[in-house]
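Structure first, then comments.
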2 protein chains.
Amino acid sequence: MPLDPDDSVVVLAHEQFPDRAKTAVGVLRYADYDVTAVLDRAHAGDAVADHVPDVPDAPIVERMADALEYDPDALLIGIAPIGGGFDESWRSDVRAAIEAGCDVVAGLHYFLEDDEEFAALAAENGVDLIDVRRPPEDLTVSKGRARDADADVILTVGTDCSTGKMTTTLELVAAARERGIDAGFVPTGQTGIMIAGWGVPVDRVIADFAAGAVERMILDAAEDHDVLFVEGQGTIIHPAYSGVTCSLLHGAMPDALVMTHSAGREAIHGYEEFAIPPVETYVDLYTDLADHVAPTEVAAGALDTRAFEDDDAAREAVEAYASSLDAPATDPVRFDADEILDALL
Amino acid sequence: MPLDPDDSVVVLAHEQFPDRAKTAVGVLRYADYDVTAVLDRAHAGDAVADHVPDVPDAPIVERMADALEYDPDALLIGIAPIGGGFDESWRSDVRAAIEAGCDVVAGLHYFLEDDEEFAALAAENGVDLIDVRRPPEDLTVSKGRARDADADVILTVGTDCSTGKMTTTLELVAAARERGIDAGFVPTGQTGIMIAGWGVPVDRVIADFAAGAVERMILDAAEDHDVLFVEGQGTIIHPAYSGVTCSLLHGAMPDALVMTHSAGREAIHGYEEFAIPPVETYVDLYTDLADHVAPTEVAAGALDTRAFEDDDAAREAVEAYASSLDAPATDPVRFDADEILDALL
């Protein structure tokens with residue numbers, strides 16, 4: 001994927017910035033490349049800093065034409081409607097980007113490459129349309145070799161979907177790099193892929209090839225880094241997605257796991273009749289399942305404490321979580337990732 | 001898939017019948033429809049009964065043209081080369097079948113529908129090309145509802161691939177029907193689908209939809225039957241395929257499991273550095289993983305005893321296996337499926 005650290009990127013987030021624009025905010029917070037403008041017709045004239053603290057600032061403009069003065073290399077679709085379709089109100093922005101020589105990056109179920117107008121226009125202007133949700137076509141089955149990787153491998157796992165696996169992984173990468181460790185991020189979902197500029201969306205891969213896709217990423221990334229932090233997906237007891245989680249556990253063969261949980265959540269998100277058991281149960285399930293493929297341990301925990309307004313309550317929740325896990329834990333967003341990193345390295 | 005119990009089917013198994021023609025032999029043994037001839041140029045002039053006892057007899061002929069006198073409705077490709085490609089030496093047989101008005105059914109990775117000559121010829125002759133390995137396009141995520149099915153659901157699981165999951169499942173269906181039970185077979189792999197005439201190849205489905213594909217089959221089949229026997233796949237500790245096994249366990253939400261094992265096997269087939277742990281370990285792994293989605297138990301075991309020449313040794317192995325499992329067990333092919341059925345019903 002041609003997004004380099006030197007690139008300037010415009011992020012489309014119409015009418016959803018920042019609260020419903022998870023990808024846009026993730027890219028602003030974690031990507032190496034430069035976000036030069038955000039497109040949001042509902043907030044045109046504001047700045048990113050008016051809405052999201054602690055990320056590099058950028059102007060918010062109404063349309064792509066207004067962003068061209070920043071000389072962007074690419075337009076990135078930073079939101080997704082339910083169902084992953086393409087919103088026709090974005091068409092003029094995508095058209096303007098292609099005509100200005102920008103690549104367009106999207107993580108929709110609707111592939112830009114399959115859109116006749118965009119495909120023709122991209123060919124004419126010599127730009128790439130990059131659908132990160134389309135897996136490569138040359139995937140194959142796992143050979144069971146990820147443990148041969150010449151790098152330590154850490155996988156985030158969780159008690160449910162949306163417990164902060166991607167965020168925890170990225171915070172750990174940043175904290176490790178700050179300590180001078182050559183840390184690599186292995187992205188397995190669309191937002192992670194957009195942030196990193198590479199990766200395979202494991203949930204979109206043919207089931208037989210899911211572990212193989214993870215294995216290949218591990219072996220490739222291990223050539224460039226000393227420690228790999230792998231973005232986990234779902235949970236091992238998810239009624240719909242557990243197969244993806246299982247493929248990640250056996251495909252990545254991690255040396256250690258970081259267990260993520262969202263404080264206060266009591267049932268699987270969207271599947272409310274399925275209760276979330278105590279975190280100790282998850283520790284046993286993940287480690288027992290790993291044992292006969294590639295033994296591992298839960299070395300630390302990451303608790304999403306956004307349910308608590310004040311830090312003291314959050315700190316109490318983190319302590320209780322660490323005690324249940326029998327491992328160090330923290331909230332790497334509210335506090336920092338040092339405790340987890342100390343436990344891992 | 002238009003294979004009805006009334007259909008007459010010719011099965012292609014050139015140069016591999018019977019020992020390397022698993023699908024052809026499975027179809028002869030278990031399919032409701034009639035196999036009127038087998039194509040095998042290496043054994044032309046023989047009869048099926050010369051090679052395989054205990055299945056309906058049929059002539060073995062050299063080419064499709066020789067089989068037309070039996071008035072077939074379909075040609076079924078009953079073998080697969082390594083890699084799942086189409087062997088060009090079969091082309092004249094497929095052509096002759098289509099020109100004679102036969103549908104053609106295949107489970108190859110190479111899709112007949114994508115072959116220009118076959119597609120044009122099929123359109124011309126008004127016949128169907130049926131690639132059972134191509135999953136339906138309208139699959140979606142599981143809703144976690146298989147337990148609502150108005151049928152008992154039994155899933156075969158195993159200690160490895162190729163431990164007799166499909167065979168055990170089909171033997172159970174046959175034995176249950178002999179007792180007058182309205183039993184349904186839920187096929188999840190290509191051979192099972194060819195035998196049953198319907199089904200979804202779960203290993204070829206997008207990983208996120210694997211449990212959903214199983215759930216849909218369960219809910220559909222439960223409308224027609226009182227007991228469903230679901231064909232399992234892989235093993236929960238397979239380095240490459242465990243995700244598929246996990247999706248089957250959580251998607252099917254079985255009321256009971258039948259644990260299959262191949263006597264004497266000590267390592268995962270093709271992944272010899274991964275030892276097969278004691279069967280008790282598998283019992284815990286499968287039931288613990290099911291517990292928080294849909295609790296289940298291992299109610300019986302099926303041991304493939306073909307490694308033993310004499311029945312006494314096989315019987316001893318079965319007894320030891322039952323004792324390890326703490327559940328009744330047998331070899332449903334060498335002996336019969338009654339003990340398993342008694343434990344289940």
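Simple scheme: letters A, B, ... for chains in structure tokens order, numbers from 1 for residues in each chain, numbers from 1 for ligands in the order shown.
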Exercise for the section: Find the spatial neighbours of segment 188-203 of chain A, counting only C-alpha atoms, within a cut-off of 6 Å - ignore same-chain residues fewer than 4 positions away - and output them as a PyMOL selection string. Expected result: (chain A and resi 1+3+23+27+31+107+133+135+210+231) or (chain B and resi 207-208)
Problem - Exercise answer, chain B residues close to chain A, 10 Å and only C-alpha atoms, as number ranges by chain - result: B: 140-146, 202-213, 215, 236-253, 270-271, 273-277, 281-282, 284-286, 288-294
Completion exercise
Using only C-alpha atoms, the shortest atom-to-atom distance to Lys165 of chain A among A:His225, A:Arg41, A:Arg147, A:His261 belongs to A:His261
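Look at Asp73 of chain B: the protein and nucleic acid residues within 6 Å of it, using only C-alpha atoms and passing over chain neighbours fewer than 6 places away, are B:Asp7, B:Ser8, B:Val9, B:Cys102.
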Put those residues in a file: N, CA and C atoms, as a PDB file, in the first residue's frame.
ATOM      1  N   ASP B   7     -32.035 -39.443  -9.193  1.00  0.00           N
ATOM      2  CA  ASP B   7     -31.084 -39.233 -10.289  1.00  0.00           C
ATOM      3  C   ASP B   7     -30.148 -40.417 -10.497  1.00  0.00           C
ATOM      4  N   SER B   8     -29.709 -40.541 -11.768  1.00  0.00           N
ATOM      5  CA  SER B   8     -28.655 -41.496 -12.108  1.00  0.00           C
ATOM      6  C   SER B   8     -27.382 -40.705 -12.358  1.00  0.00           C
ATOM      7  N   VAL B   9     -26.296 -41.121 -11.707  1.00  0.00           N
ATOM      8  CA  VAL B   9     -25.069 -40.333 -11.740  1.00  0.00           C
ATOM      9  C   VAL B   9     -23.895 -41.200 -12.201  1.00  0.00           C
ATOM     10  N   CYS B 102     -26.230 -33.825 -19.579  1.00  0.00           N
ATOM     11  CA  CYS B 102     -25.980 -34.101 -18.157  1.00  0.00           C
ATOM     12  C   CYS B 102     -25.480 -32.844 -17.443  1.00  0.00           C
TER      13      CYS B 102
END
Handout entry: Distance in Å - atom CA of Ala343 of chain A versus atom CA of Ala327 of chain A
Key =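 Spanning atom CA of Ala343 of chain A to atom CA of Ala327 of chain A is a straight-line distance of 8.1 Å.
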Exercise for the section: Quick one: everything within 10 Å of Ala122 of chain B, counting only C-alpha atoms, minus sequence neighbours fewer than 4 positions away in the same chain. Send it as a PyMOL selection string. Expected result: chain B and resi 95+97-99+101-104+113+116-118+126-129
DSSP strand (DSSP E or B) residues within segment 45-169 of chain A, as a PDB file with N, CA and C atoms, in the first residue's frame:
ATOM      1  N   ALA A  47     -10.896  23.396  13.370  1.00  0.00           N
ATOM      2  CA  ALA A  47      -9.636  22.658  13.280  1.00  0.00           C
ATOM      3  C   ALA A  47      -9.796  21.347  14.042  1.00  0.00           C
ATOM      4  N   PRO A  59      -6.509  21.476   9.487  1.00  0.00           N
ATOM      5  CA  PRO A  59      -7.771  22.160   9.205  1.00  0.00           C
ATOM      6  C   PRO A  59      -8.870  21.171   8.802  1.00  0.00           C
ATOM      7  N   ILE A  60     -10.117  21.527   9.120  1.00  0.00           N
ATOM      8  CA  ILE A  60     -11.273  20.756   8.640  1.00  0.00           C
ATOM      9  C   ILE A  60     -11.901  21.565   7.512  1.00  0.00           C
ATOM     10  N   VAL A  61     -12.045  20.957   6.345  1.00  0.00           N
ATOM     11  CA  VAL A  61     -12.570  21.681   5.174  1.00  0.00           C
ATOM     12  C   VAL A  61     -13.798  20.972   4.632  1.00  0.00           C
ATOM     13  N   ALA A  74      -2.712  11.541  -1.087  1.00  0.00           N
ATOM     14  CA  ALA A  74      -3.779  10.543  -1.056  1.00  0.00           C
ATOM     15  C   ALA A  74      -4.996  11.057  -0.310  1.00  0.00           C
ATOM     16  N   LEU A  75      -6.155  10.498  -0.684  1.00  0.00           N
ATOM     17  CA  LEU A  75      -7.396  10.685   0.066  1.00  0.00           C
ATOM     18  C   LEU A  75      -7.731   9.355   0.735  1.00  0.00           C
ATOM     19  N   LEU A  76      -8.031   9.423   2.021  1.00  0.00           N
ATOM     20  CA  LEU A  76      -8.338   8.204   2.772  1.00  0.00           C
ATOM     21  C   LEU A  76      -9.767   8.314   3.301  1.00  0.00           C
ATOM     22  N   ILE A  77     -10.590   7.289   3.034  1.00  0.00           N
ATOM     23  CA  ILE A  77     -11.976   7.298   3.531  1.00  0.00           C
ATOM     24  C   ILE A  77     -11.933   6.872   4.994  1.00  0.00           C
ATOM     25  N   ASP A 103      -3.852   9.114  -4.853  1.00  0.00           N
ATOM     26  CA  ASP A 103      -4.366   7.772  -4.621  1.00  0.00           C
ATOM     27  C   ASP A 103      -5.569   7.872  -3.679  1.00  0.00           C
ATOM     28  N   VAL A 104      -6.440   6.864  -3.730  1.00  0.00           N
ATOM     29  CA  VAL A 104      -7.570   6.834  -2.801  1.00  0.00           C
ATOM     30  C   VAL A 104      -7.545   5.504  -2.055  1.00  0.00           C
ATOM     31  N   VAL A 105      -7.609   5.605  -0.716  1.00  0.00           N
ATOM     32  CA  VAL A 105      -7.525   4.426   0.145  1.00  0.00           C
ATOM     33  C   VAL A 105      -8.849   4.265   0.875  1.00  0.00           C
ATOM     34  N   ALA A 106      -9.440   3.059   0.816  1.00  0.00           N
ATOM     35  CA  ALA A 106     -10.721   2.828   1.485  1.00  0.00           C
ATOM     36  C   ALA A 106     -10.744   1.444   2.103  1.00  0.00           C
ATOM     37  N   LEU A 129      -6.214   2.967  -6.705  1.00  0.00           N
ATOM     38  CA  LEU A 129      -7.360   2.821  -5.803  1.00  0.00           C
ATOM     39  C   LEU A 129      -7.042   1.634  -4.904  1.00  0.00           C
ATOM     40  N   ILE A 130      -7.006   1.876  -3.603  1.00  0.00           N
ATOM     41  CA  ILE A 130      -6.545   0.831  -2.684  1.00  0.00           C
ATOM     42  C   ILE A 130      -7.668   0.442  -1.733  1.00  0.00           C
ATOM     43  N   ASP A 131      -8.207  -0.765  -1.952  1.00  0.00           N
ATOM     44  CA  ASP A 131      -9.264  -1.297  -1.091  1.00  0.00           C
ATOM     45  C   ASP A 131      -8.614  -2.219  -0.074  1.00  0.00           C
ATOM     46  N   ASP A 152      10.329 -11.468  19.078  1.00  0.00           N
ATOM     47  CA  ASP A 152       9.324 -11.776  20.101  1.00  0.00           C
ATOM     48  C   ASP A 152       7.961 -11.353  19.564  1.00  0.00           C
ATOM     49  N   VAL A 153       6.955 -12.169  19.804  1.00  0.00           N
ATOM     50  CA  VAL A 153       5.618 -11.884  19.270  1.00  0.00           C
ATOM     51  C   VAL A 153       4.629 -11.742  20.430  1.00  0.00           C
ATOM     52  N   ILE A 154       3.969 -10.569  20.477  1.00  0.00           N
ATOM     53  CA  ILE A 154       2.969 -10.278  21.510  1.00  0.00           C
ATOM     54  C   ILE A 154       1.629 -10.111  20.800  1.00  0.00           C
ATOM     55  N   LEU A 155       0.603 -10.827  21.253  1.00  0.00           N
ATOM     56  CA  LEU A 155      -0.736 -10.714  20.663  1.00  0.00           C
ATOM     57  C   LEU A 155      -1.697 -10.138  21.695  1.00  0.00           C
ATOM     58  N   THR A 156      -2.508  -9.162  21.284  1.00  0.00           N
ATOM     59  CA  THR A 156      -3.589  -8.692  22.157  1.00  0.00           C
ATOM     60  C   THR A 156      -4.801  -9.592  21.945  1.00  0.00           C
ATOM     61  N   VAL A 157      -5.384 -10.048  23.047  1.00  0.00           N
ATOM     62  CA  VAL A 157      -6.622 -10.814  22.985  1.00  0.00           C
ATOM     63  C   VAL A 157      -7.641 -10.076  23.853  1.00  0.00           C
ATOM     64  N   GLY A 158      -8.873 -10.587  23.925  1.00  0.00           N
ATOM     65  CA  GLY A 158      -9.850  -9.832  24.691  1.00  0.00           C
ATOM     66  C   GLY A 158     -11.042 -10.638  25.128  1.00  0.00           C
TER      67      GLY A 158
END
Practice task
Go through segment 70-290 of chain A and collect every residue that DSSP, computed from the backbone, puts in alpha helix (DSSP H); the answer should be as a ChimeraX atom specification.
Solution key: /A:91-99,116-125,165-178,190-196,210-222,242-252,279-290
Convert the current residue selection to file output with C-alpha atoms, as a PDB file, in the first residue's frame.
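Result file follows (again-v8.pdb):
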ATOM      1  CA  ARG A  91     -18.382  10.762  -5.038  1.00  0.00           C
ATOM      2  CA  SER A  92     -17.395  14.328  -5.950  1.00  0.00           C
ATOM      3  CA  ASP A  93     -14.587  14.294  -3.358  1.00  0.00           C
ATOM      4  CA  VAL A  94     -13.193  10.992  -4.626  1.00  0.00           C
ATOM      5  CA  ARG A  95     -13.452  12.269  -8.222  1.00  0.00           C
ATOM      6  CA  ALA A  96     -11.627  15.491  -7.314  1.00  0.00           C
ATOM      7  CA  ALA A  97      -8.885  13.533  -5.544  1.00  0.00           C
ATOM      8  CA  ILE A  98      -8.258  11.236  -8.509  1.00  0.00           C
ATOM      9  CA  GLU A  99      -8.260  14.154 -10.942  1.00  0.00           C
ATOM     10  CA  GLU A 116     -16.547   1.857 -13.206  1.00  0.00           C
ATOM     11  CA  GLU A 117     -16.204   5.630 -13.035  1.00  0.00           C
ATOM     12  CA  PHE A 118     -13.428   5.553 -10.425  1.00  0.00           C
ATOM     13  CA  ALA A 119     -11.554   2.740 -12.184  1.00  0.00           C
ATOM     14  CA  ALA A 120     -11.561   4.577 -15.525  1.00  0.00           C
ATOM     15  CA  LEU A 121     -10.615   7.889 -13.955  1.00  0.00           C
ATOM     16  CA  ALA A 122      -7.803   6.307 -11.923  1.00  0.00           C
ATOM     17  CA  ALA A 123      -6.348   4.659 -15.031  1.00  0.00           C
ATOM     18  CA  GLU A 124      -6.503   7.973 -16.887  1.00  0.00           C
ATOM     19  CA  ASN A 125      -4.730   9.836 -14.074  1.00  0.00           C
ATOM     20  CA  LYS A 165      -7.100  -4.433  21.146  1.00  0.00           C
ATOM     21  CA  MET A 166      -5.925  -2.180  18.291  1.00  0.00           C
ATOM     22  CA  THR A 167      -5.408   0.829  20.545  1.00  0.00           C
ATOM     23  CA  THR A 168      -3.488  -1.189  23.142  1.00  0.00           C
ATOM     24  CA  THR A 169      -1.308  -2.698  20.430  1.00  0.00           C
ATOM     25  CA  LEU A 170      -0.494   0.719  18.963  1.00  0.00           C
ATOM     26  CA  GLU A 171       0.201   2.247  22.401  1.00  0.00           C
ATOM     27  CA  LEU A 172       2.603  -0.605  23.091  1.00  0.00           C
ATOM     28  CA  VAL A 173       4.402  -0.072  19.784  1.00  0.00           C
ATOM     29  CA  ALA A 174       4.780   3.646  20.513  1.00  0.00           C
ATOM     30  CA  ALA A 175       5.958   3.073  24.093  1.00  0.00           C
ATOM     31  CA  ALA A 176       8.452   0.406  23.002  1.00  0.00           C
ATOM     32  CA  ARG A 177       9.865   2.670  20.294  1.00  0.00           C
ATOM     33  CA  GLU A 178      10.257   5.448  22.851  1.00  0.00           C
ATOM     34  CA  GLN A 190      -9.042  -2.323   8.243  1.00  0.00           C
ATOM     35  CA  THR A 191      -8.258   0.610  10.549  1.00  0.00           C
ATOM     36  CA  GLY A 192      -4.958  -0.928  11.610  1.00  0.00           C
ATOM     37  CA  ILE A 193      -4.072  -1.510   7.965  1.00  0.00           C
ATOM     38  CA  MET A 194      -4.825   2.124   7.081  1.00  0.00           C
ATOM     39  CA  ILE A 195      -2.705   3.342   9.954  1.00  0.00           C
ATOM     40  CA  ALA A 196       0.242   1.073   9.172  1.00  0.00           C
ATOM     41  CA  ALA A 210      -6.823 -17.178   8.083  1.00  0.00           C
ATOM     42  CA  ALA A 211      -4.014 -18.656  10.215  1.00  0.00           C
ATOM     43  CA  GLY A 212      -1.781 -18.740   7.132  1.00  0.00           C
ATOM     44  CA  ALA A 213      -2.354 -15.035   6.490  1.00  0.00           C
ATOM     45  CA  VAL A 214      -1.279 -14.234  10.050  1.00  0.00           C
ATOM     46  CA  GLU A 215       1.733 -16.533   9.843  1.00  0.00           C
ATOM     47  CA  ARG A 216       2.939 -14.845   6.660  1.00  0.00           C
ATOM     48  CA  MET A 217       2.652 -11.375   8.214  1.00  0.00           C
ATOM     49  CA  ILE A 218       4.603 -12.500  11.294  1.00  0.00           C
ATOM     50  CA  LEU A 219       7.402 -14.056   9.252  1.00  0.00           C
ATOM     51  CA  ASP A 220       7.634 -11.003   6.974  1.00  0.00           C
ATOM     52  CA  ALA A 221       7.583  -8.411   9.777  1.00  0.00           C
ATOM     53  CA  ALA A 222      10.089 -10.388  11.887  1.00  0.00           C
ATOM     54  CA  SER A 242     -14.396 -16.868  17.490  1.00  0.00           C
ATOM     55  CA  GLY A 243     -12.958 -18.670  14.457  1.00  0.00           C
ATOM     56  CA  VAL A 244     -10.994 -15.541  13.499  1.00  0.00           C
ATOM     57  CA  THR A 245      -9.689 -15.188  17.062  1.00  0.00           C
ATOM     58  CA  CYS A 246      -8.650 -18.850  17.112  1.00  0.00           C
ATOM     59  CA  SER A 247      -6.862 -18.507  13.757  1.00  0.00           C
ATOM     60  CA  LEU A 248      -4.961 -15.487  15.103  1.00  0.00           C
ATOM     61  CA  LEU A 249      -3.896 -17.349  18.263  1.00  0.00           C
ATOM     62  CA  HIS A 250      -2.625 -20.402  16.367  1.00  0.00           C
ATOM     63  CA  GLY A 251      -1.326 -18.535  13.330  1.00  0.00           C
ATOM     64  CA  ALA A 252       0.662 -15.936  15.304  1.00  0.00           C
ATOM     65  CA  VAL A 279     -11.506 -12.817  33.103  1.00  0.00           C
ATOM     66  CA  GLU A 280      -9.811 -15.827  34.756  1.00  0.00           C
ATOM     67  CA  THR A 281     -11.938 -18.026  32.501  1.00  0.00           C
ATOM     68  CA  TYR A 282     -10.543 -16.278  29.424  1.00  0.00           C
ATOM     69  CA  VAL A 283      -6.982 -16.729  30.679  1.00  0.00           C
ATOM     70  CA  ASP A 284      -7.554 -20.486  30.868  1.00  0.00           C
ATOM     71  CA  LEU A 285      -9.348 -20.687  27.516  1.00  0.00           C
ATOM     72  CA  TYR A 286      -6.646 -18.813  25.583  1.00  0.00           C
ATOM     73  CA  THR A 287      -3.666 -20.498  27.215  1.00  0.00           C
ATOM     74  CA  ASP A 288      -5.160 -24.022  27.155  1.00  0.00           C
ATOM     75  CA  LEU A 289      -5.991 -23.629  23.472  1.00  0.00           C
ATOM     76  CA  ALA A 290      -2.476 -22.360  22.704  1.00  0.00           C
TER      77      ALA A 290
END
Practice task
Go through A:Asp66, A:Leu344, A:Tyr110, A:Thr159 and flag the residue nearest Gly83 of chain A, using only C-alpha atoms for the distances.
Solution key: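 Closest to Gly83 of chain A, using only C-alpha atoms: A:Tyr110.
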